[in-house]
Every structure is written in structure tokens, then in C-alpha cells.
>>> print(open('query-v6.json').read())   # JSON, C-alpha atoms
[["chain", "number", "residue", "atom", "x", "y", "z"],
["A", 14, "MET", "CA", 0.00, 0.00, 0.00],
["A", 15, "PHE", "CA", 2.73, 2.48, 0.92],
["A", 16, "THR", "CA", 4.65, 1.51, -2.23],
["A", 17, "SER", "CA", 1.81, 2.47, -4.56],
["A", 18, "LEU", "CA", 1.15, 5.64, -2.54],
["A", 19, "ASN", "CA", 4.86, 6.55, -2.77],
["A", 20, "ARG", "CA", 4.76, 5.93, -6.53],
["A", 21, "MET", "CA", 1.71, 8.16, -6.94],
["A", 22, "ILE", "CA", 3.33, 10.94, -4.91],
["A", 23, "SER", "CA", 6.55, 10.61, -6.92],
["A", 24, "LEU", "CA", 4.68, 10.75, -10.23],
["A", 25, "ALA", "CA", 2.68, 13.75, -9.07],
["A", 26, "MET", "CA", 5.88, 15.55, -8.05],
["A", 27, "ILE", "CA", 7.53, 14.76, -11.39],
["A", 28, "ALA", "CA", 4.47, 16.00, -13.29],
["A", 29, "TRP", "CA", 4.39, 19.20, -11.23],
["A", 30, "ALA", "CA", 8.12, 19.80, -11.79],
["A", 31, "PHE", "CA", 7.71, 19.30, -15.54],
["A", 32, "ALA", "CA", 4.75, 21.68, -15.71],
["A", 33, "ALA", "CA", 6.55, 24.31, -13.64],
["A", 34, "THR", "CA", 9.65, 24.30, -15.87],
["A", 35, "SER", "CA", 8.04, 24.01, -19.32],
["A", 36, "PRO", "CA", 7.68, 27.25, -21.29],
["A", 37, "ALA", "CA", 4.29, 28.92, -21.31],
["A", 38, "VAL", "CA", 2.28, 28.65, -24.48],
["A", 39, "ALA", "CA", 2.20, 32.12, -25.97],
["A", 40, "HIS", "CA", 0.22, 33.53, -28.86],
["A", 41, "ALA", "CA", 1.62, 35.65, -31.63],
["A", 42, "ARG", "CA", 1.40, 39.35, -30.88],
["A", 43, "LEU", "CA", 2.05, 42.49, -32.86],
["A", 44, "VAL", "CA", 5.47, 43.78, -31.79],
["A", 45, "SER", "CA", 5.90, 46.71, -34.21],
["A", 46, "ALA", "CA", 3.98, 48.57, -36.88],
["A", 47, "THR", "CA", 4.97, 51.18, -39.44],
["A", 48, "PRO", "CA", 3.18, 53.55, -39.49],
["A", 49, "ALA", "CA", 2.63, 53.06, -35.77],
["A", 50, "SER", "CA", -0.71, 53.19, -34.00],
["A", 51, "GLY", "CA", -1.72, 56.82, -33.50],
["A", 52, "ALA", "CA", 1.19, 58.14, -35.60],
["A", 53, "THR", "CA", 0.98, 61.18, -37.85],
["A", 54, "VAL", "CA", 3.10, 60.64, -40.94],
["A", 55, "SER", "CA", 3.90, 62.29, -44.27],
["A", 56, "ALA", "CA", 3.50, 60.35, -47.50],
["A", 57, "PRO", "CA", 3.89, 56.74, -46.30],
["A", 58, "ARG", "CA", 4.79, 54.33, -49.08],
["A", 59, "GLY", "CA", 3.47, 51.24, -47.36],
["A", 60, "ILE", "CA", 2.71, 49.40, -44.18],
["A", 61, "SER", "CA", 4.69, 46.85, -42.17],
["A", 62, "LEU", "CA", 3.42, 44.74, -39.24],
["A", 63, "THR", "CA", 5.91, 42.54, -37.40],
["A", 64, "PHE", "CA", 4.73, 39.76, -35.10],
["A", 65, "SER", "CA", 6.41, 37.86, -32.27],
["A", 66, "GLU", "CA", 6.34, 34.59, -34.22],
["A", 67, "ARG", "CA", 5.78, 33.15, -37.68],
["A", 68, "PHE", "CA", 2.26, 33.12, -39.07],
["A", 69, "ALA", "CA", 0.52, 31.22, -41.85],
["A", 70, "ALA", "CA", 0.67, 33.70, -44.73],
["A", 71, "PRO", "CA", -2.17, 32.18, -46.82],
["A", 72, "PHE", "CA", -4.56, 32.72, -43.90],
["A", 73, "SER", "CA", -3.36, 36.19, -42.88],
["A", 74, "THR", "CA", -4.53, 39.60, -44.09],
["A", 75, "VAL", "CA", -3.96, 43.32, -43.72],
["A", 76, "THR", "CA", -6.30, 46.01, -45.00],
["A", 77, "VAL", "CA", -6.12, 49.80, -44.86],
["A", 78, "GLU", "CA", -9.25, 51.96, -45.13],
["A", 79, "ASP", "CA", -9.71, 55.72, -45.33],
["A", 80, "SER", "CA", -12.05, 57.65, -43.03],
["A", 81, "ARG", "CA", -15.00, 56.86, -45.32],
["A", 82, "GLY", "CA", -14.37, 53.12, -45.09],
["A", 83, "ARG", "CA", -12.96, 52.79, -48.61],
["A", 84, "SER", "CA", -10.19, 50.24, -49.01],
["A", 85, "VAL", "CA", -6.77, 51.48, -50.03],
["A", 86, "ASP", "CA", -5.13, 49.47, -52.81],
["A", 87, "LEU", "CA", -2.18, 47.61, -51.33],
["A", 88, "THR", "CA", 0.32, 45.21, -52.89],
["A", 89, "ARG", "CA", 0.66, 42.61, -50.10],
["A", 90, "THR", "CA", 4.04, 41.29, -48.95],
["A", 91, "VAL", "CA", 5.26, 38.73, -46.41],
["A", 92, "SER", "CA", 8.85, 38.69, -45.16],
["A", 93, "GLU", "CA", 11.12, 35.69, -45.75],
["A", 94, "ASP", "CA", 11.17, 34.88, -42.02],
["A", 95, "GLY", "CA", 7.34, 34.74, -42.00],
["A", 96, "ARG", "CA", 6.99, 37.27, -39.16],
["A", 97, "THR", "CA", 6.24, 40.50, -41.08],
["A", 98, "LEU", "CA", 3.08, 41.21, -43.03],
["A", 99, "GLY", "CA", 2.80, 44.38, -45.05],
["A", 100, "GLY", "CA", 2.52, 45.97, -48.41],
["A", 101, "THR", "CA", 3.11, 48.93, -50.66],
["A", 102, "TYR", "CA", 0.37, 51.40, -51.54],
["A", 103, "THR", "CA", -0.36, 51.48, -55.25],
["A", 104, "ALA", "CA", -0.99, 55.27, -55.07],
["A", 105, "PRO", "CA", 0.02, 58.02, -52.61],
["A", 106, "LEU", "CA", -2.32, 58.38, -49.64],
["A", 107, "PRO", "CA", -4.10, 61.74, -49.40],
["A", 108, "ALA", "CA", -4.18, 63.55, -46.04],
["A", 109, "GLY", "CA", -6.61, 61.99, -43.60],
["A", 110, "THR", "CA", -7.12, 59.28, -41.01],
["A", 111, "TYR", "CA", -6.66, 55.63, -41.93],
["A", 112, "ARG", "CA", -7.67, 52.41, -40.18],
["A", 113, "VAL", "CA", -5.46, 49.31, -40.34],
["A", 114, "THR", "CA", -7.14, 45.95, -39.77],
["A", 115, "TRP", "CA", -5.03, 42.81, -39.57],
["A", 116, "ALA", "CA", -5.66, 39.13, -38.98],
["A", 117, "ILE", "CA", -3.08, 36.37, -38.76],
["A", 118, "ALA", "CA", -3.22, 32.63, -38.30],
["A", 119, "ALA", "CA", -0.45, 31.97, -35.79],
["A", 120, "ALA", "CA", 1.75, 28.89, -35.89],
["A", 121, "ASP", "CA", -0.11, 27.49, -32.87],
["A", 122, "GLY", "CA", -3.36, 27.63, -34.85],
["A", 123, "HIS", "CA", -4.91, 30.60, -33.06],
["A", 124, "ARG", "CA", -6.35, 33.46, -35.09],
["A", 125, "MET", "CA", -5.20, 36.85, -33.83],
["A", 126, "THR", "CA", -6.76, 40.14, -34.97],
["A", 127, "GLY", "CA", -6.31, 43.82, -34.38],
["A", 128, "THR", "CA", -7.02, 47.33, -35.61],
["A", 129, "TYR", "CA", -5.43, 50.72, -35.20],
["A", 130, "ASN", "CA", -5.47, 54.18, -36.79],
["A", 131, "PHE", "CA", -2.83, 56.51, -38.17],
["A", 132, "THR", "CA", -3.01, 59.91, -39.82],
["A", 133, "VAL", "CA", -1.43, 61.24, -43.01],
["A", 134, "ARG", "CA", -0.82, 65.00, -42.96]]
>>> encode(input="query-v6.json", output="C-alpha cells")
Amino acid sequence: MFTSLNRMISLAMIAWAFAATSPAVAHARLVSATPASGATVSAPRGISLTFSERFAAPFSTVTVEDSRGRSVDLTRTVSEDGRTLGGTYTAPLPAGTYRVTWAIAAADGHRMTGTYNFTVR
């Protein structure tokens, strides 16, 4: 009886030690954006969003809309390391406020989304 109880306690301690030392499961997060959230910029040529980990490019999007909700034409790009999503505007952006909406499918399978605004002077 004590032998099986000792085994159970030992297994429980090993499991606890493993759980305490294993890295936490983290989700991809936006680590930088150009133009940045809330920024006022002059004549941006494009947008660049860098994430904390690789994402599945075929299932990831970025859109930019003007203050009237009209989409801005954007030639989409993904970096070679699979962590940066962006694009180049096909025409100069007129002065105004713009909304960036992004969605990525992270490597762990979770879908992450976000929005932010910037202003062109």
C-alpha cells in the first residue's frame, strides 16, 4: 500500500516539476507597426506589421481603409522569415485618417486580430 502511494506521490511531483519548468504557451502578438498606432506621418509608401512569431501567410490579411471606409489598394508582402506582413500602396495616400485591420493565423493555430489608426498629414 505504501509503495503504490509513494509511486503516486513521486509521479505527481515529477508531473508538477515538468509543468513548472516548461515554457508557457504564448500567442503571436504584434510587436511593431509602421506607421505606428496613432502616428501622424507624411506620404507613407506602405505598411509593415511585425509579429512575435511566424504566421501562416495564406490565412493572414492586412487592409487599410480611409475615413470613409474605402479600401486602399495595397500590394501585399510577407517577409522571408514569415513574421512580417505588409505591403506597398499602389498610389500616394491623401491627407486623412486611416484604419489598419489585420488578422493572422499563428503557428499554434490561433487566429489573432487587431485594428489601429494613423493619420497622413
>>> atom_distance(input="query-v6.json", atom1="CA of Phe131 in chain A", atom2="CA of Ala52 in chain A")
5.0 Å
>>> closest_residue(input="query-v6.json", among="A:Pro48, A:Asp79, A:Leu62, A:Pro57", to="Gly109 in chain A", atoms="only C-alpha atoms")
A:Asp79
>>> residues_near_point(input="query-v6.json", point="(-2.5, 63.3, -45.9)", cutoff="6 Å", atoms="only C-alpha atoms", output="ChimeraX atom specification")
/A:107-109,133-134
>>> atom_distance(input="query-v6.json", atom1="CA of Phe68 in chain A", atom2="CA of Ala49 in chain A")
20.2 Å
>>> atom_distance(input="query-v6.json", atom1="CA of Val77 in chain A", atom2="CA of Thr114 in chain A")
6.5 Å
>>> residues_around(input="query-v6.json", residues="Gly99 in chain A", least_positions_apart="5", cutoff="8 Å", atoms="only C-alpha atoms", output="PyMOL selection string")
chain A and resi 59-62+75+89-91
>>> closest_residue(input="query-v6.json", among="A:Asn130, A:Thr63, A:Ser55, A:Ser50", to="Ser92 in chain A", atoms="all atoms listed in the file")
A:Thr63
>>> residues_around(input="query-v6.json", residues="Met125 in chain A", least_positions_apart="2", cutoff="9 Å", atoms="all atoms listed in the file", output="PDB file with C-alpha atoms, in the frame of the given file")
ATOM      1  CA  HIS A  40       0.220  33.530 -28.860  1.00  0.00           C
ATOM      2  CA  ALA A  41       1.620  35.650 -31.630  1.00  0.00           C
ATOM      3  CA  ARG A  42       1.400  39.350 -30.880  1.00  0.00           C
ATOM      4  CA  TRP A 115      -5.030  42.810 -39.570  1.00  0.00           C
ATOM      5  CA  ALA A 116      -5.660  39.130 -38.980  1.00  0.00           C
ATOM      6  CA  ILE A 117      -3.080  36.370 -38.760  1.00  0.00           C
ATOM      7  CA  ALA A 118      -3.220  32.630 -38.300  1.00  0.00           C
ATOM      8  CA  ALA A 119      -0.450  31.970 -35.790  1.00  0.00           C
ATOM      9  CA  HIS A 123      -4.910  30.600 -33.060  1.00  0.00           C
ATOM     10  CA  GLY A 127      -6.310  43.820 -34.380  1.00  0.00           C
TER      11      GLY A 127
END
>>> residues_around(input="query-v6.json", residues="Thr88 in chain A", least_positions_apart="4", cutoff="7 Å", atoms="all atoms listed in the file", output="list in words")
Gly100, Thr101, Tyr102 and Thr103 of chain A
>>> decode(input="query-v6.json", residues="range 43-90 of chain A", atoms="N, CA and C atoms", output="PDB file, in the first residue's frame")
ATOM      1  N   LEU A  43       1.472  41.432 -32.048  1.00  0.00           N
ATOM      2  CA  LEU A  43       2.054  42.485 -32.858  1.00  0.00           C
ATOM      3  C   LEU A  43       3.141  43.169 -32.040  1.00  0.00           C
ATOM      4  N   VAL A  44       4.374  43.168 -32.538  1.00  0.00           N
ATOM      5  CA  VAL A  44       5.473  43.781 -31.791  1.00  0.00           C
ATOM      6  C   VAL A  44       5.894  45.134 -32.365  1.00  0.00           C
ATOM      7  N   SER A  45       5.621  45.383 -33.646  1.00  0.00           N
ATOM      8  CA  SER A  45       5.896  46.709 -34.205  1.00  0.00           C
ATOM      9  C   SER A  45       5.058  46.921 -35.453  1.00  0.00           C
ATOM     10  N   ALA A  46       4.768  48.192 -35.708  1.00  0.00           N
ATOM     11  CA  ALA A  46       3.981  48.568 -36.882  1.00  0.00           C
ATOM     12  C   ALA A  46       4.511  49.882 -37.437  1.00  0.00           C
ATOM     13  N   THR A  47       4.580  49.955 -38.772  1.00  0.00           N
ATOM     14  CA  THR A  47       4.974  51.180 -39.442  1.00  0.00           C
ATOM     15  C   THR A  47       3.969  51.430 -40.552  1.00  0.00           C
ATOM     16  N   PRO A  48       3.239  52.554 -40.537  1.00  0.00           N
ATOM     17  CA  PRO A  48       3.177  53.553 -39.487  1.00  0.00           C
ATOM     18  C   PRO A  48       2.620  52.959 -38.190  1.00  0.00           C
ATOM     19  N   ALA A  49       3.037  53.542 -37.091  1.00  0.00           N
ATOM     20  CA  ALA A  49       2.625  53.058 -35.771  1.00  0.00           C
ATOM     21  C   ALA A  49       1.203  53.510 -35.439  1.00  0.00           C
ATOM     22  N   SER A  50       0.614  52.827 -34.491  1.00  0.00           N
ATOM     23  CA  SER A  50      -0.712  53.188 -33.999  1.00  0.00           C
ATOM     24  C   SER A  50      -0.682  54.619 -33.474  1.00  0.00           C
ATOM     25  N   GLY A  51      -1.613  55.443 -33.961  1.00  0.00           N
ATOM     26  CA  GLY A  51      -1.719  56.823 -33.501  1.00  0.00           C
ATOM     27  C   GLY A  51      -0.719  57.780 -34.129  1.00  0.00           C
ATOM     28  N   ALA A  52       0.147  57.299 -34.999  1.00  0.00           N
ATOM     29  CA  ALA A  52       1.187  58.143 -35.596  1.00  0.00           C
ATOM     30  C   ALA A  52       0.596  59.115 -36.615  1.00  0.00           C
ATOM     31  N   THR A  53       1.266  60.245 -36.771  1.00  0.00           N
ATOM     32  CA  THR A  53       0.975  61.180 -37.849  1.00  0.00           C
ATOM     33  C   THR A  53       2.197  61.173 -38.747  1.00  0.00           C
ATOM     34  N   VAL A  54       1.988  60.832 -40.010  1.00  0.00           N
ATOM     35  CA  VAL A  54       3.103  60.639 -40.939  1.00  0.00           C
ATOM     36  C   VAL A  54       2.884  61.444 -42.218  1.00  0.00           C
ATOM     37  N   SER A  55       3.965  61.630 -42.962  1.00  0.00           N
ATOM     38  CA  SER A  55       3.904  62.292 -44.266  1.00  0.00           C
ATOM     39  C   SER A  55       4.186  61.271 -45.349  1.00  0.00           C
ATOM     40  N   ALA A  56       3.311  61.167 -46.303  1.00  0.00           N
ATOM     41  CA  ALA A  56       3.499  60.346 -47.502  1.00  0.00           C
ATOM     42  C   ALA A  56       4.070  58.953 -47.256  1.00  0.00           C
ATOM     43  N   PRO A  57       3.387  58.107 -46.486  1.00  0.00           N
ATOM     44  CA  PRO A  57       3.890  56.739 -46.304  1.00  0.00           C
ATOM     45  C   PRO A  57       3.807  55.961 -47.613  1.00  0.00           C
ATOM     46  N   ARG A  58       4.782  55.127 -47.852  1.00  0.00           N
ATOM     47  CA  ARG A  58       4.789  54.326 -49.079  1.00  0.00           C
ATOM     48  C   ARG A  58       4.139  52.962 -48.883  1.00  0.00           C
ATOM     49  N   GLY A  59       4.046  52.558 -47.626  1.00  0.00           N
ATOM     50  CA  GLY A  59       3.472  51.244 -47.359  1.00  0.00           C
ATOM     51  C   GLY A  59       3.254  51.027 -45.886  1.00  0.00           C
ATOM     52  N   ILE A  60       2.979  49.791 -45.556  1.00  0.00           N
ATOM     53  CA  ILE A  60       2.712  49.400 -44.176  1.00  0.00           C
ATOM     54  C   ILE A  60       3.516  48.150 -43.861  1.00  0.00           C
ATOM     55  N   SER A  61       3.922  48.018 -42.608  1.00  0.00           N
ATOM     56  CA  SER A  61       4.692  46.854 -42.173  1.00  0.00           C
ATOM     57  C   SER A  61       4.276  46.487 -40.750  1.00  0.00           C
ATOM     58  N   LEU A  62       3.843  45.244 -40.554  1.00  0.00           N
ATOM     59  CA  LEU A  62       3.417  44.741 -39.245  1.00  0.00           C
ATOM     60  C   LEU A  62       4.289  43.541 -38.894  1.00  0.00           C
ATOM     61  N   THR A  63       5.033  43.629 -37.806  1.00  0.00           N
ATOM     62  CA  THR A  63       5.915  42.542 -37.397  1.00  0.00           C
ATOM     63  C   THR A  63       5.344  41.874 -36.147  1.00  0.00           C
ATOM     64  N   PHE A  64       5.314  40.551 -36.179  1.00  0.00           N
ATOM     65  CA  PHE A  64       4.725  39.764 -35.101  1.00  0.00           C
ATOM     66  C   PHE A  64       5.804  38.999 -34.339  1.00  0.00           C
ATOM     67  N   SER A  65       5.464  38.532 -33.163  1.00  0.00           N
ATOM     68  CA  SER A  65       6.414  37.858 -32.273  1.00  0.00           C
ATOM     69  C   SER A  65       6.776  36.454 -32.744  1.00  0.00           C
ATOM     70  N   GLU A  66       6.040  35.922 -33.690  1.00  0.00           N
ATOM     71  CA  GLU A  66       6.340  34.591 -34.223  1.00  0.00           C
ATOM     72  C   GLU A  66       5.829  34.470 -35.644  1.00  0.00           C
ATOM     73  N   ARG A  67       6.228  33.408 -36.311  1.00  0.00           N
ATOM     74  CA  ARG A  67       5.780  33.153 -37.683  1.00  0.00           C
ATOM     75  C   ARG A  67       4.270  32.988 -37.728  1.00  0.00           C
ATOM     76  N   PHE A  68       3.690  33.310 -38.865  1.00  0.00           N
ATOM     77  CA  PHE A  68       2.260  33.120 -39.065  1.00  0.00           C
ATOM     78  C   PHE A  68       2.049  32.426 -40.410  1.00  0.00           C
ATOM     79  N   ALA A  69       0.858  31.897 -40.600  1.00  0.00           N
ATOM     80  CA  ALA A  69       0.521  31.216 -41.852  1.00  0.00           C
ATOM     81  C   ALA A  69       0.065  32.267 -42.855  1.00  0.00           C
ATOM     82  N   ALA A  70       0.937  32.625 -43.780  1.00  0.00           N
ATOM     83  CA  ALA A  70       0.671  33.703 -44.734  1.00  0.00           C
ATOM     84  C   ALA A  70      -0.619  33.524 -45.537  1.00  0.00           C
ATOM     85  N   PRO A  71      -0.940  32.317 -46.026  1.00  0.00           N
ATOM     86  CA  PRO A  71      -2.169  32.183 -46.823  1.00  0.00           C
ATOM     87  C   PRO A  71      -3.453  32.511 -46.055  1.00  0.00           C
ATOM     88  N   PHE A  72      -3.382  32.476 -44.730  1.00  0.00           N
ATOM     89  CA  PHE A  72      -4.564  32.715 -43.904  1.00  0.00           C
ATOM     90  C   PHE A  72      -4.471  34.028 -43.134  1.00  0.00           C
ATOM     91  N   SER A  73      -3.594  34.932 -43.582  1.00  0.00           N
ATOM     92  CA  SER A  73      -3.355  36.189 -42.879  1.00  0.00           C
ATOM     93  C   SER A  73      -3.592  37.368 -43.814  1.00  0.00           C
ATOM     94  N   THR A  74      -4.165  38.447 -43.268  1.00  0.00           N
ATOM     95  CA  THR A  74      -4.529  39.598 -44.094  1.00  0.00           C
ATOM     96  C   THR A  74      -4.206  40.913 -43.400  1.00  0.00           C
ATOM     97  N   VAL A  75      -4.042  41.945 -44.209  1.00  0.00           N
ATOM     98  CA  VAL A  75      -3.961  43.317 -43.716  1.00  0.00           C
ATOM     99  C   VAL A  75      -4.731  44.191 -44.698  1.00  0.00           C
ATOM    100  N   THR A  76      -5.578  45.063 -44.163  1.00  0.00           N
ATOM    101  CA  THR A  76      -6.303  46.014 -45.000  1.00  0.00           C
ATOM    102  C   THR A  76      -6.135  47.406 -44.400  1.00  0.00           C
ATOM    103  N   VAL A  77      -6.184  48.397 -45.269  1.00  0.00           N
ATOM    104  CA  VAL A  77      -6.124  49.799 -44.863  1.00  0.00           C
ATOM    105  C   VAL A  77      -7.328  50.484 -45.486  1.00  0.00           C
ATOM    106  N   GLU A  78      -8.067  51.243 -44.660  1.00  0.00           N
ATOM    107  CA  GLU A  78      -9.247  51.964 -45.134  1.00  0.00           C
ATOM    108  C   GLU A  78      -9.130  53.430 -44.778  1.00  0.00           C
ATOM    109  N   ASP A  79      -9.690  54.289 -45.642  1.00  0.00           N
ATOM    110  CA  ASP A  79      -9.709  55.716 -45.331  1.00  0.00           C
ATOM    111  C   ASP A  79     -10.857  56.006 -44.364  1.00  0.00           C
ATOM    112  N   SER A  80     -11.037  57.281 -44.028  1.00  0.00           N
ATOM    113  CA  SER A  80     -12.046  57.653 -43.027  1.00  0.00           C
ATOM    114  C   SER A  80     -13.476  57.407 -43.497  1.00  0.00           C
ATOM    115  N   ARG A  81     -13.662  57.183 -44.793  1.00  0.00           N
ATOM    116  CA  ARG A  81     -14.997  56.865 -45.323  1.00  0.00           C
ATOM    117  C   ARG A  81     -15.224  55.362 -45.437  1.00  0.00           C
ATOM    118  N   GLY A  82     -14.228  54.569 -45.032  1.00  0.00           N
ATOM    119  CA  GLY A  82     -14.369  53.117 -45.090  1.00  0.00           C
ATOM    120  C   GLY A  82     -13.991  52.506 -46.425  1.00  0.00           C
ATOM    121  N   ARG A  83     -13.382  53.299 -47.298  1.00  0.00           N
ATOM    122  CA  ARG A  83     -12.963  52.787 -48.609  1.00  0.00           C
ATOM    123  C   ARG A  83     -11.591  52.138 -48.485  1.00  0.00           C
ATOM    124  N   SER A  84     -11.467  50.960 -49.062  1.00  0.00           N
ATOM    125  CA  SER A  84     -10.190  50.241 -49.009  1.00  0.00           C
ATOM    126  C   SER A  84      -9.141  50.941 -49.854  1.00  0.00           C
ATOM    127  N   VAL A  85      -7.926  50.947 -49.322  1.00  0.00           N
ATOM    128  CA  VAL A  85      -6.774  51.484 -50.029  1.00  0.00           C
ATOM    129  C   VAL A  85      -6.124  50.321 -50.762  1.00  0.00           C
ATOM    130  N   ASP A  86      -5.802  50.522 -52.057  1.00  0.00           N
ATOM    131  CA  ASP A  86      -5.125  49.466 -52.813  1.00  0.00           C
ATOM    132  C   ASP A  86      -3.727  49.246 -52.250  1.00  0.00           C
ATOM    133  N   LEU A  87      -3.422  47.988 -51.999  1.00  0.00           N
ATOM    134  CA  LEU A  87      -2.180  47.606 -51.335  1.00  0.00           C
ATOM    135  C   LEU A  87      -1.622  46.359 -52.001  1.00  0.00           C
ATOM    136  N   THR A  88      -0.351  46.403 -52.376  1.00  0.00           N
ATOM    137  CA  THR A  88       0.318  45.214 -52.889  1.00  0.00           C
ATOM    138  C   THR A  88       0.895  44.488 -51.682  1.00  0.00           C
ATOM    139  N   ARG A  89       0.327  43.342 -51.322  1.00  0.00           N
ATOM    140  CA  ARG A  89       0.657  42.610 -50.102  1.00  0.00           C
ATOM    141  C   ARG A  89       2.024  41.949 -50.177  1.00  0.00           C
ATOM    142  N   THR A  90       2.747  41.959 -49.045  1.00  0.00           N
ATOM    143  CA  THR A  90       4.041  41.286 -48.946  1.00  0.00           C
ATOM    144  C   THR A  90       4.128  40.533 -47.629  1.00  0.00           C
TER     145      THR A  90
END
